[in-house]
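One file, model_8.cif, is given below (mmCIF, C-alpha atoms).
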```cif
data_entry
loop_
_atom_site.label_atom_id
_atom_site.label_comp_id
_atom_site.auth_asym_id
_atom_site.auth_seq_id
_atom_site.Cartn_x
_atom_site.Cartn_y
_atom_site.Cartn_z
CA MET A 11 0.00 0.00 0.00
CA ILE A 12 1.37 3.41 -1.02
CA SER A 13 0.70 6.07 1.61
CA ASP A 14 -0.75 9.47 0.78
CA ASP A 15 2.43 11.17 2.00
CA THR A 16 4.58 9.02 -0.28
CA LEU A 17 2.39 9.70 -3.31
CA TRP A 18 2.35 13.46 -2.73
CA ALA A 19 6.13 13.49 -2.32
CA VAL A 20 6.53 11.59 -5.59
CA LEU A 21 4.19 13.94 -7.43
CA GLU A 22 6.26 16.91 -6.30
CA ALA A 23 9.60 15.24 -7.09
CA THR A 24 8.46 14.49 -10.64
CA TRP A 25 6.97 17.97 -11.23
CA PRO A 26 8.89 20.30 -8.91
CA PRO A 27 8.59 24.02 -8.17
CA VAL A 28 11.63 26.24 -8.40
CA SER A 29 11.65 26.47 -4.62
CA CYS A 30 9.58 25.19 -1.73
CA GLU A 31 9.55 26.20 1.94
CA ARG A 32 7.49 26.03 5.10
CA PHE A 33 5.46 29.12 5.97
CA GLY A 34 3.54 28.48 9.19
CA PRO A 35 1.14 25.58 8.50
CA PHE A 36 1.64 26.00 4.73
CA VAL A 37 4.02 24.75 2.08
CA TRP A 38 4.89 27.81 0.00
CA ARG A 39 5.92 27.26 -3.64
CA GLU A 40 7.56 29.42 -6.28
CA GLY A 41 6.71 28.13 -9.73
CA ALA A 42 8.21 30.67 -12.15
CA GLY A 43 5.11 30.57 -14.34
CA GLY A 44 5.06 26.77 -14.53
CA GLY A 45 1.37 26.42 -13.70
CA GLN A 46 -0.85 25.94 -10.68
CA ARG A 47 0.73 22.74 -9.39
CA VAL A 48 4.11 24.37 -8.81
CA SER A 49 2.74 27.76 -7.71
CA ALA A 50 -0.01 26.95 -5.21
CA ALA A 51 0.41 26.92 -1.45
CA SER A 52 -0.97 23.90 0.40
CA ALA A 53 -1.78 23.30 4.07
CA SER A 54 0.13 20.61 5.95
CA ALA A 55 -1.48 21.36 9.33
CA PRO A 56 -4.67 23.02 10.63
CA VAL A 57 -4.97 26.67 9.52
CA SER A 58 -6.27 29.54 11.62
CA GLU A 59 -7.80 32.80 10.37
CA ASP A 60 -4.66 34.71 11.39
CA GLN A 61 -2.37 32.27 9.55
CA LEU A 62 -4.45 32.62 6.41
CA ASP A 63 -4.19 36.41 6.75
CA LEU A 64 -0.40 36.12 6.83
CA ILE A 65 -0.05 34.00 3.72
CA GLU A 66 -2.54 36.14 1.82
CA ALA A 67 -0.37 39.13 2.72
CA ARG A 68 2.72 37.32 1.43
CA PHE A 69 1.04 36.57 -1.91
CA ASN A 70 -0.05 40.19 -2.19
CA SER A 71 3.38 41.58 -1.29
CA LEU A 72 4.88 39.63 -4.18
CA GLY A 73 2.21 40.73 -6.64
CA ARG A 74 0.71 37.25 -6.84
CA ASP A 75 -2.97 36.36 -6.55
CA PRO A 76 -3.48 33.94 -3.64
CA LEU A 77 -3.71 30.36 -4.90
CA PHE A 78 -4.17 27.25 -2.78
CA GLN A 79 -4.12 23.55 -3.53
CA VAL A 80 -6.65 21.80 -1.31
CA ARG A 81 -6.25 18.06 -0.84
CA ASP A 82 -9.10 15.70 -0.06
CA ASN A 83 -8.29 15.50 3.65
CA SER A 84 -8.24 19.29 4.19
CA VAL A 85 -11.96 19.76 4.86
CA ALA A 86 -11.69 22.52 7.49
CA PHE A 87 -9.19 24.50 5.39
CA ASP A 88 -11.45 24.15 2.35
CA ARG A 89 -14.39 25.50 4.35
CA LEU A 90 -12.33 28.47 5.56
CA LEU A 91 -11.36 29.37 2.00
CA ASP A 92 -14.95 29.05 0.86
CA GLU A 93 -16.06 31.46 3.60
CA ARG A 94 -13.50 33.97 2.33
CA GLY A 95 -14.86 33.86 -1.19
CA TYR A 96 -12.38 31.53 -2.85
CA ASP A 97 -13.78 29.57 -5.78
CA VAL A 98 -13.10 25.92 -6.57
CA VAL A 99 -10.92 25.51 -9.68
CA ASP A 100 -9.90 22.37 -11.59
CA PRO A 101 -11.00 19.46 -9.38
CA THR A 102 -8.42 16.77 -10.16
CA ILE A 103 -8.23 13.01 -9.65
CA LEU A 104 -5.04 11.12 -8.76
CA MET A 105 -4.89 7.74 -10.49
CA LEU A 106 -2.54 4.83 -9.84
CA SER A 107 -1.91 1.37 -11.21
CA SER A 108 0.54 -1.45 -10.87
CA ILE A 109 3.03 -1.49 -13.76
CA ASP A 110 2.07 -5.15 -14.26
CA ARG A 111 -1.28 -4.08 -15.70
CA PHE A 112 0.44 -2.67 -18.79
CA PRO A 113 1.83 -4.65 -21.76
CA MET A 114 5.36 -5.96 -21.45
CA GLU A 115 6.33 -5.15 -25.06
CA VAL A 116 7.21 -1.78 -26.62
CA PRO A 117 4.27 -0.49 -28.70
CA ASP A 118 4.83 0.62 -32.30
CA LYS A 119 5.50 4.22 -33.30
CA VAL A 120 6.21 5.57 -29.83
CA TYR A 121 9.65 6.61 -28.63
CA THR A 122 11.50 7.87 -25.57
CA SER A 123 14.19 10.53 -25.58
CA TRP A 124 15.78 13.18 -23.42
CA PRO A 125 15.96 16.06 -23.96
CA PRO A 126 12.71 16.53 -25.90
CA VAL A 127 12.99 17.49 -29.56
CA ALA A 128 11.42 20.49 -31.28
CA VAL A 129 8.32 18.64 -32.51
CA GLN A 130 7.45 17.57 -28.96
CA ARG A 131 7.71 21.16 -27.81
CA GLU A 132 5.35 22.15 -30.64
CA ILE A 133 2.79 19.53 -29.63
CA TRP A 134 3.00 20.64 -26.00
CA ALA A 135 2.62 24.30 -26.98
CA GLU A 136 -0.58 23.49 -28.86
CA GLY A 137 -1.90 21.95 -25.64
CA ASP A 138 -0.88 24.93 -23.48
CA VAL A 139 2.22 23.21 -22.12
CA ASP A 140 4.41 26.24 -22.61
CA ALA A 141 8.13 26.88 -22.14
CA ALA A 142 7.70 27.47 -18.39
CA ARG A 143 6.16 24.00 -18.03
CA VAL A 144 8.95 22.46 -20.10
CA ALA A 145 11.32 24.16 -17.65
CA VAL A 146 9.59 22.20 -14.87
CA MET A 147 10.55 18.99 -16.69
CA GLU A 148 14.12 20.21 -17.13
CA ARG A 149 14.62 20.75 -13.39
CA VAL A 150 13.45 17.26 -12.42
CA SER A 151 16.44 15.55 -10.83
CA CYS A 152 15.20 11.94 -10.76
CA ALA A 153 15.11 9.51 -13.70
CA LYS A 154 13.07 11.03 -16.53
CA THR A 155 12.31 10.87 -20.23
CA SER A 156 9.98 12.36 -22.80
CA LEU A 157 7.50 10.45 -24.95
CA LEU A 158 6.84 10.95 -28.66
CA ALA A 159 4.11 9.21 -30.65
CA ARG A 160 3.47 9.08 -34.38
CA LEU A 161 0.28 8.33 -36.27
CA GLY A 162 1.29 7.16 -39.70
CA ASP A 163 4.29 9.31 -40.55
CA ALA A 164 3.13 12.38 -38.61
CA PRO A 165 4.01 13.35 -35.03
CA ALA A 166 0.85 12.89 -32.99
CA GLY A 167 1.54 13.11 -29.25
CA ALA A 168 4.04 14.03 -26.57
CA GLY A 169 4.41 13.35 -22.88
CA PHE A 170 6.80 13.33 -19.96
CA VAL A 171 7.45 10.65 -17.34
CA ALA A 172 9.71 10.56 -14.29
CA VAL A 173 10.32 8.04 -11.51
CA SER A 174 10.73 8.65 -7.79
CA ASN A 175 10.52 6.07 -5.01
CA ARG A 176 9.68 3.38 -7.60
CA ILE A 177 6.57 5.24 -8.76
CA ALA A 178 6.51 6.56 -12.33
CA VAL A 179 4.35 9.63 -12.92
CA VAL A 180 3.15 10.70 -16.36
CA HIS A 181 2.80 14.45 -16.89
CA ALA A 182 2.00 16.73 -19.84
CA LEU A 183 0.40 13.99 -21.94
CA GLU A 184 -0.82 15.76 -25.08
CA VAL A 185 -2.31 14.34 -28.28
CA ASN A 186 -2.91 16.41 -31.42
CA VAL A 187 -6.61 17.03 -31.97
CA SER A 188 -6.48 15.33 -35.39
CA ALA A 189 -4.87 12.21 -33.86
CA ARG A 190 -7.32 11.62 -31.02
CA ARG A 191 -9.35 8.42 -30.76
CA HIS A 192 -6.63 6.50 -32.61
CA GLY A 193 -4.94 4.87 -29.60
CA VAL A 194 -2.12 7.42 -29.34
CA ALA A 195 -2.54 8.15 -25.62
CA ARG A 196 -2.89 4.44 -24.87
CA ALA A 197 0.36 3.71 -26.73
CA MET A 198 2.24 6.47 -24.90
CA LEU A 199 1.09 5.16 -21.53
CA ALA A 200 2.20 1.66 -22.51
CA LEU A 201 5.61 3.04 -23.44
CA ALA A 202 5.78 5.00 -20.18
CA ALA A 203 5.13 1.79 -18.28
CA TYR A 204 7.72 -0.13 -20.31
CA TRP A 205 10.36 2.56 -19.69
CA ALA A 206 9.40 2.75 -16.00
CA ARG A 207 9.96 -1.00 -15.57
CA GLU A 208 13.52 -0.49 -16.76
CA GLN A 209 13.91 2.09 -13.96
CA ASP A 210 12.69 -0.52 -11.43
CA ALA A 211 9.32 1.21 -10.92
CA THR A 212 6.41 -0.81 -9.61
CA HIS A 213 3.54 1.66 -10.18
CA LEU A 214 2.38 4.22 -12.70
CA ALA A 215 0.50 7.35 -11.61
CA LEU A 216 -1.00 10.43 -13.23
CA GLN A 217 -3.39 13.29 -12.59
CA VAL A 218 -6.49 14.13 -14.63
CA THR A 219 -9.05 16.86 -14.16
CA GLN A 220 -12.61 15.75 -13.47
CA ALA A 221 -13.69 17.78 -16.51
CA ASN A 222 -11.61 15.53 -18.79
CA ALA A 223 -14.03 12.61 -18.61
CA ALA A 224 -12.75 10.99 -21.81
CA ALA A 225 -9.19 10.77 -20.51
CA ALA A 226 -10.34 9.50 -17.10
CA SER A 227 -12.38 6.81 -18.83
CA LEU A 228 -9.34 5.74 -20.87
CA TYR A 229 -7.14 5.51 -17.78
CA SER A 230 -9.80 3.49 -15.96
CA SER A 231 -10.01 1.09 -18.90
CA LEU A 232 -6.26 0.49 -18.49
CA GLY A 233 -6.77 -0.56 -14.88
CA MET A 234 -5.84 2.70 -13.21
CA LYS A 235 -7.77 3.49 -10.02
CA ALA A 236 -8.63 6.79 -8.36
CA VAL A 237 -6.60 7.02 -5.14
CA GLY A 238 -7.08 10.66 -4.20
CA GLN A 239 -8.21 14.05 -5.34
CA TYR A 240 -7.53 17.74 -4.94
CA HIS A 241 -8.67 21.09 -6.26
CA TYR A 242 -7.46 24.65 -6.27
CA ARG A 243 -9.02 27.67 -4.60
CA LYS A 244 -8.62 31.19 -5.91
CA ARG A 245 -10.72 34.32 -6.04
CA SER A 246 -12.44 35.45 -9.21
CA SER A 247 -13.79 38.56 -7.45
CA PRO A 248 -12.78 40.86 -4.56
CA PRO A 249 -12.91 39.38 -1.00
CA ARG A 250 -16.32 39.23 0.60
CA GLU A 251 -17.05 41.79 3.27
CA THR A 252 -17.56 40.39 6.78
#
```
Just give me the structure of the file as structure tokens.
Amino acid sequence: MISDDTLWAVLEATWPPVSCERFGPFVWREGAGGGQRVSAASASAPVSEDQLDLIEARFNSLGRDPLFQVRDNSVAFDRLLDERGYDVVDPTILMLSSIDRFPMEVPDKVYTSWPPVAVQREIWAEGDVDAARVAVMERVSCAKTSLLARLGDAPAGAGFVAVSNRIAVVHALEVNVSARRHGVARAMLALAAYWAREQDATHLALQVTQANAAAASLYSSLGMKAVGQYHYRKRSSPPRET
């Protein structure tokens, strides 16, 4: 059984912020534009009103809008943010599977390489995985590789996978719109699992937003199970008056 703490540590090791530090009951992250996952603060202990005031002030002093990642066991913190007018953004499911559920052979027309080549960067850019997110991949210090898929003779998909504590995590899995529903994502996940076995990984994990029902259905069909969830909280309007 993989503990929640282990899984969260692996997720951060395979998609790391530029810096990370304790700030009262929070983990404070600097993401350098690399997206919500590397920029949100999260609570690692109960949060008081005064402690929330302090971290809001820190966000504001740095010219950043307050952004929090709320994990499924942070019910009281979630309620506090709701009372302050923070909206729920991007509910996300954590999915996990044993590597043994994936094929043992290398699928056709999918490849691993590091560093990623120009065409992978183009595919990512079309899916809003910009240069700052590619920089997240570049600063990963554990075993890592990029994935490239072709459909016919044309590049069709790109992804990134890294391994920490024998858990491989797939990130930035993007398939060209014209190549969807042709098994491209399935083939890239099979390659990720094959590569991860060679790194002595025992499990494969990923994250998918609840809104992406098609992708979640695909991952479930491959034997991946939901093992946790989180969402973000941020304000879309000025703070409520109390």
| By how many Å are atom CA of Pro125 of chain A and atom CA of Ala159 of chain A apart? |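 Atom CA of Pro125 of chain A sits 15.2 Å away from atom CA of Ala159 of chain A.
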| request: Counting only C-alpha atoms, figure out which residue out of A:Phe36, A:Phe170, A:Asn70, A:Gly233 gets nearest to Ala145 of chain A. | output: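 Answer, going by the shortest atom-to-atom distance: A:Phe170.
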| task | Please write as a PyMOL selection string the full residue list that the PyMOL selection byres ((chain A and resi 95-105) around 6) yields on this file. | result | chain A and resi 91-94+106+215-220+234-245+249-250
| Reference answer for the PyMOL selection byres ((chain A and resi 18-21) around 10), as a ChimeraX atom specification | /A:13-17,22-26,47,81,104,172-181,215-217,238
Keeping C-alpha atoms for every residue in the selection just given, could you write it to a file as an mmCIF file, keeping the file's coordinate frame?
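Saved file result.cif follows:
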```cif
data_model
loop_
_atom_site.group_PDB
_atom_site.id
_atom_site.type_symbol
_atom_site.label_atom_id
_atom_site.label_comp_id
_atom_site.auth_asym_id
_atom_site.auth_seq_id
_atom_site.Cartn_x
_atom_site.Cartn_y
_atom_site.Cartn_z
ATOM 1 C CA SER A 13 0.700 6.070 1.610
ATOM 2 C CA ASP A 14 -0.750 9.470 0.780
ATOM 3 C CA ASP A 15 2.430 11.170 2.000
ATOM 4 C CA THR A 16 4.580 9.020 -0.280
ATOM 5 C CA LEU A 17 2.390 9.700 -3.310
ATOM 6 C CA GLU A 22 6.260 16.910 -6.300
ATOM 7 C CA ALA A 23 9.600 15.240 -7.090
ATOM 8 C CA THR A 24 8.460 14.490 -10.640
ATOM 9 C CA TRP A 25 6.970 17.970 -11.230
ATOM 10 C CA PRO A 26 8.890 20.300 -8.910
ATOM 11 C CA ARG A 47 0.730 22.740 -9.390
ATOM 12 C CA ARG A 81 -6.250 18.060 -0.840
ATOM 13 C CA LEU A 104 -5.040 11.120 -8.760
ATOM 14 C CA ALA A 172 9.710 10.560 -14.290
ATOM 15 C CA VAL A 173 10.320 8.040 -11.510
ATOM 16 C CA SER A 174 10.730 8.650 -7.790
ATOM 17 C CA ASN A 175 10.520 6.070 -5.010
ATOM 18 C CA ARG A 176 9.680 3.380 -7.600
ATOM 19 C CA ILE A 177 6.570 5.240 -8.760
ATOM 20 C CA ALA A 178 6.510 6.560 -12.330
ATOM 21 C CA VAL A 179 4.350 9.630 -12.920
ATOM 22 C CA VAL A 180 3.150 10.700 -16.360
ATOM 23 C CA HIS A 181 2.800 14.450 -16.890
ATOM 24 C CA ALA A 215 0.500 7.350 -11.610
ATOM 25 C CA LEU A 216 -1.000 10.430 -13.230
ATOM 26 C CA GLN A 217 -3.390 13.290 -12.590
ATOM 27 C CA GLY A 238 -7.080 10.660 -4.200
#
```
Run the PyMOL selection byres ((chain A and resi 66) around 12) against the file shown and list the residues it catches, as a PDB file with C-alpha atoms, keeping the file's coordinate frame.
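Contents of the output file out.pdb:
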```
ATOM      1  CA  PHE A  33       5.460  29.120   5.970  1.00  0.00           C
ATOM      2  CA  PHE A  36       1.640  26.000   4.730  1.00  0.00           C
ATOM      3  CA  TRP A  38       4.890  27.810   0.000  1.00  0.00           C
ATOM      4  CA  ALA A  50      -0.010  26.950  -5.210  1.00  0.00           C
ATOM      5  CA  ALA A  51       0.410  26.920  -1.450  1.00  0.00           C
ATOM      6  CA  GLU A  59      -7.800  32.800  10.370  1.00  0.00           C
ATOM      7  CA  ASP A  60      -4.660  34.710  11.390  1.00  0.00           C
ATOM      8  CA  GLN A  61      -2.370  32.270   9.550  1.00  0.00           C
ATOM      9  CA  LEU A  62      -4.450  32.620   6.410  1.00  0.00           C
ATOM     10  CA  ASP A  63      -4.190  36.410   6.750  1.00  0.00           C
ATOM     11  CA  LEU A  64      -0.400  36.120   6.830  1.00  0.00           C
ATOM     12  CA  ILE A  65      -0.050  34.000   3.720  1.00  0.00           C
ATOM     13  CA  ALA A  67      -0.370  39.130   2.720  1.00  0.00           C
ATOM     14  CA  ARG A  68       2.720  37.320   1.430  1.00  0.00           C
ATOM     15  CA  PHE A  69       1.040  36.570  -1.910  1.00  0.00           C
ATOM     16  CA  ASN A  70      -0.050  40.190  -2.190  1.00  0.00           C
ATOM     17  CA  SER A  71       3.380  41.580  -1.290  1.00  0.00           C
ATOM     18  CA  LEU A  72       4.880  39.630  -4.180  1.00  0.00           C
ATOM     19  CA  GLY A  73       2.210  40.730  -6.640  1.00  0.00           C
ATOM     20  CA  ARG A  74       0.710  37.250  -6.840  1.00  0.00           C
ATOM     21  CA  ASP A  75      -2.970  36.360  -6.550  1.00  0.00           C
ATOM     22  CA  PRO A  76      -3.480  33.940  -3.640  1.00  0.00           C
ATOM     23  CA  LEU A  77      -3.710  30.360  -4.900  1.00  0.00           C
ATOM     24  CA  PHE A  78      -4.170  27.250  -2.780  1.00  0.00           C
ATOM     25  CA  LEU A  91     -11.360  29.370   2.000  1.00  0.00           C
ATOM     26  CA  ARG A  94     -13.500  33.970   2.330  1.00  0.00           C
ATOM     27  CA  TYR A  96     -12.380  31.530  -2.850  1.00  0.00           C
ATOM     28  CA  LYS A 244      -8.620  31.190  -5.910  1.00  0.00           C
ATOM     29  CA  ARG A 245     -10.720  34.320  -6.040  1.00  0.00           C
ATOM     30  CA  PRO A 249     -12.910  39.380  -1.000  1.00  0.00           C
TER      31      PRO A 249
END
```
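For the set A:His192, A:Ser54, A:Ala225, A:Thr122, the residue with the smallest atom-to-atom gap to Gly169 of chain A is A:Thr122, counting only C-alpha atoms.
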| Which residue, A:Ala221, A:Val150, A:Leu90, A:Leu161, has the smallest gap to Pro27 of chain A when you use only C-alpha atoms? | A:Val150
| task | Compile the contact shell of segment 110-119 of chain A as an NGL selection string: residues with an atom at most 7 Å away, counting all atoms listed in the file, same-chain residues fewer than 5 positions apart removed. | result | :A and (159-160 or 197 or 200-201 or 203-204 or 233)
| request: Quick one: pull the distance between atom CA of Met198 of chain A and atom CA of Ala182 of chain A, Å, one decimal. | output: 11.4 Å
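Note that the spacing between atom CA of Val80 of chain A and atom CA of Cys152 of chain A amounts to 25.8 Å.
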Around segment 81-91 of chain A, fit a box with edges along x, y and z, padding it by 3 Å on each side, then list its centre and edge lengths in Å to one decimal as lines of an AutoDock Vina configuration file.
```
center_x = -10.3
center_y = 22.4
center_z = 3.3
size_x = 14.1
size_y = 19.9
size_z = 14.3
```
Give as a compact mmCIF listing (two decimals) with C-alpha atoms, keeping the file's coordinate frame every residue, naming chains and numbers as the document does, that has an atom within 10 Å of (-5.5, 12.9, -34.2), counting all atoms listed in the file.
```
# COMPACT_ATOMS: atom_id res chain seq x y z
CA ARG A 160 3.47 9.08 -34.38
CA LEU A 161 0.28 8.33 -36.27
CA ALA A 164 3.13 12.38 -38.61
CA PRO A 165 4.01 13.35 -35.03
CA ALA A 166 0.85 12.89 -32.99
CA GLY A 167 1.54 13.11 -29.25
CA VAL A 185 -2.31 14.34 -28.28
CA ASN A 186 -2.91 16.41 -31.42
CA VAL A 187 -6.61 17.03 -31.97
CA SER A 188 -6.48 15.33 -35.39
CA ALA A 189 -4.87 12.21 -33.86
CA ARG A 190 -7.32 11.62 -31.02
CA ARG A 191 -9.35 8.42 -30.76
CA HIS A 192 -6.63 6.50 -32.61
CA GLY A 193 -4.94 4.87 -29.60
CA VAL A 194 -2.12 7.42 -29.34
```
| query | For Asp210 of chain A, which of A:Ala42, A:Ala55, A:Ile12, A:Ile109 is the closest residue, counting only C-alpha atoms? | reply |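 Using only C-alpha atoms, Asp210 of chain A sits closest to A:Ile109.
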| request: Show which residues sit within 12 Å of Ala141 of chain A, as a list of chain:residue names. Count all atoms listed in the file, and ignore same-chain residues fewer than 3 positions away. | output: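 Non-adjacent residues within range: A:Ala42, A:Gly43, A:Gly44, A:Gly45, A:Pro126, A:Ala128, A:Gln130, A:Arg131, A:Glu132, A:Ile133, A:Trp134, A:Ala135, A:Glu136, A:Gly137, A:Asp138, A:Val144, A:Ala145, A:Val146, A:Met147, A:Glu148.
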Please produce an output containing C-alpha atoms for each residue in the selection, written as a tab-separated table (two decimals), in the coordinates of the input.
```tsv
chain	number	residue	atom	x	y	z
A	42	ALA	CA	8.21	30.67	-12.15
A	43	GLY	CA	5.11	30.57	-14.34
A	44	GLY	CA	5.06	26.77	-14.53
A	45	GLY	CA	1.37	26.42	-13.70
A	126	PRO	CA	12.71	16.53	-25.90
A	128	ALA	CA	11.42	20.49	-31.28
A	130	GLN	CA	7.45	17.57	-28.96
A	131	ARG	CA	7.71	21.16	-27.81
A	132	GLU	CA	5.35	22.15	-30.64
A	133	ILE	CA	2.79	19.53	-29.63
A	134	TRP	CA	3.00	20.64	-26.00
A	135	ALA	CA	2.62	24.30	-26.98
A	136	GLU	CA	-0.58	23.49	-28.86
A	137	GLY	CA	-1.90	21.95	-25.64
A	138	ASP	CA	-0.88	24.93	-23.48
A	144	VAL	CA	8.95	22.46	-20.10
A	145	ALA	CA	11.32	24.16	-17.65
A	146	VAL	CA	9.59	22.20	-14.87
A	147	MET	CA	10.55	18.99	-16.69
A	148	GLU	CA	14.12	20.21	-17.13
```
| request: Select, from A:His213, A:Arg143, A:Arg32, A:Arg196, the residue with the minimum atom-to-atom distance to Val120 of chain A, counting only C-alpha atoms. | output: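 For Val120 of chain A, the nearest of the given residues is A:Arg196.
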| request: Rank A:Ala153, A:Ala142, A:Val85, A:Val129 by their smallest atom-to-atom distance to Glu208 of chain A, using all atoms listed in the file, and report the top residue only. | output: A:Ala153
Mind rebuilding segment 37-45 of chain A with all heavy atoms and writing that out as a PDB file, keeping the file's coordinate frame?
```
ATOM      1  N   VAL A  37       2.865  24.935   2.954  1.00  0.00           N
ATOM      2  CA  VAL A  37       4.020  24.750   2.080  1.00  0.00           C
ATOM      3  C   VAL A  37       3.896  25.815   1.000  1.00  0.00           C
ATOM      4  O   VAL A  37       2.901  25.851   0.262  1.00  0.00           O
ATOM      5  CB  VAL A  37       4.045  23.344   1.459  1.00  0.00           C
ATOM      6  CG1 VAL A  37       5.219  23.219   0.496  1.00  0.00           C
ATOM      7  CG2 VAL A  37       4.129  22.276   2.552  1.00  0.00           C
ATOM      8  N   TRP A  38       4.878  26.697   0.944  1.00  0.00           N
ATOM      9  CA  TRP A  38       4.890  27.810   0.000  1.00  0.00           C
ATOM     10  C   TRP A  38       5.730  27.422  -1.214  1.00  0.00           C
ATOM     11  O   TRP A  38       6.846  26.913  -1.068  1.00  0.00           O
ATOM     12  CB  TRP A  38       5.473  29.052   0.666  1.00  0.00           C
ATOM     13  CG  TRP A  38       5.731  30.191  -0.258  1.00  0.00           C
ATOM     14  CD1 TRP A  38       6.879  30.458  -0.942  1.00  0.00           C
ATOM     15  CD2 TRP A  38       4.806  31.229  -0.609  1.00  0.00           C
ATOM     16  NE1 TRP A  38       6.726  31.586  -1.701  1.00  0.00           N
ATOM     17  CE2 TRP A  38       5.466  32.083  -1.513  1.00  0.00           C
ATOM     18  CE3 TRP A  38       3.484  31.505  -0.248  1.00  0.00           C
ATOM     19  CZ2 TRP A  38       4.848  33.206  -2.065  1.00  0.00           C
ATOM     20  CZ3 TRP A  38       2.873  32.629  -0.789  1.00  0.00           C
ATOM     21  CH2 TRP A  38       3.542  33.464  -1.682  1.00  0.00           C
ATOM     22  N   ARG A  39       5.215  27.654  -2.414  1.00  0.00           N
ATOM     23  CA  ARG A  39       5.920  27.260  -3.640  1.00  0.00           C
ATOM     24  C   ARG A  39       6.114  28.459  -4.565  1.00  0.00           C
ATOM     25  O   ARG A  39       5.219  29.297  -4.701  1.00  0.00           O
ATOM     26  CB  ARG A  39       5.159  26.166  -4.389  1.00  0.00           C
ATOM     27  CG  ARG A  39       5.028  24.866  -3.614  1.00  0.00           C
ATOM     28  CD  ARG A  39       4.200  23.831  -4.358  1.00  0.00           C
ATOM     29  NE  ARG A  39       4.097  22.603  -3.577  1.00  0.00           N
ATOM     30  CZ  ARG A  39       3.192  22.406  -2.614  1.00  0.00           C
ATOM     31  NH1 ARG A  39       2.303  23.371  -2.325  1.00  0.00           N
ATOM     32  NH2 ARG A  39       3.172  21.279  -1.934  1.00  0.00           N
ATOM     33  N   GLU A  40       7.274  28.474  -5.206  1.00  0.00           N
ATOM     34  CA  GLU A  40       7.560  29.420  -6.280  1.00  0.00           C
ATOM     35  C   GLU A  40       7.648  28.618  -7.576  1.00  0.00           C
ATOM     36  O   GLU A  40       8.475  27.715  -7.694  1.00  0.00           O
ATOM     37  CB  GLU A  40       8.891  30.142  -6.024  1.00  0.00           C
ATOM     38  CG  GLU A  40       8.875  31.069  -4.820  1.00  0.00           C
ATOM     39  CD  GLU A  40       8.065  32.332  -5.053  1.00  0.00           C
ATOM     40  OE1 GLU A  40       7.697  32.606  -6.221  1.00  0.00           O
ATOM     41  OE2 GLU A  40       7.806  33.051  -4.071  1.00  0.00           O
ATOM     42  N   GLY A  41       6.796  28.943  -8.534  1.00  0.00           N
ATOM     43  CA  GLY A  41       6.710  28.130  -9.730  1.00  0.00           C
ATOM     44  C   GLY A  41       7.260  28.724 -10.993  1.00  0.00           C
ATOM     45  O   GLY A  41       7.322  28.038 -12.025  1.00  0.00           O
ATOM     46  N   ALA A  42       7.631  30.000 -10.976  1.00  0.00           N
ATOM     47  CA  ALA A  42       8.210  30.670 -12.150  1.00  0.00           C
ATOM     48  C   ALA A  42       7.334  30.516 -13.392  1.00  0.00           C
ATOM     49  O   ALA A  42       7.836  30.288 -14.489  1.00  0.00           O
ATOM     50  CB  ALA A  42       9.622  30.140 -12.421  1.00  0.00           C
ATOM     51  N   GLY A  43       6.027  30.625 -13.198  1.00  0.00           N
ATOM     52  CA  GLY A  43       5.110  30.570 -14.340  1.00  0.00           C
ATOM     53  C   GLY A  43       4.815  29.179 -14.835  1.00  0.00           C
ATOM     54  O   GLY A  43       4.189  29.020 -15.890  1.00  0.00           O
ATOM     55  N   GLY A  44       5.223  28.147 -14.074  1.00  0.00           N
ATOM     56  CA  GLY A  44       5.060  26.770 -14.530  1.00  0.00           C
ATOM     57  C   GLY A  44       3.709  26.146 -14.260  1.00  0.00           C
ATOM     58  O   GLY A  44       3.572  24.934 -14.375  1.00  0.00           O
ATOM     59  N   GLY A  45       2.710  26.954 -13.894  1.00  0.00           N
ATOM     60  CA  GLY A  45       1.370  26.420 -13.700  1.00  0.00           C
ATOM     61  C   GLY A  45       0.968  26.325 -12.245  1.00  0.00           C
ATOM     62  O   GLY A  45       1.764  26.576 -11.327  1.00  0.00           O
TER      63      GLY A  45
END
```
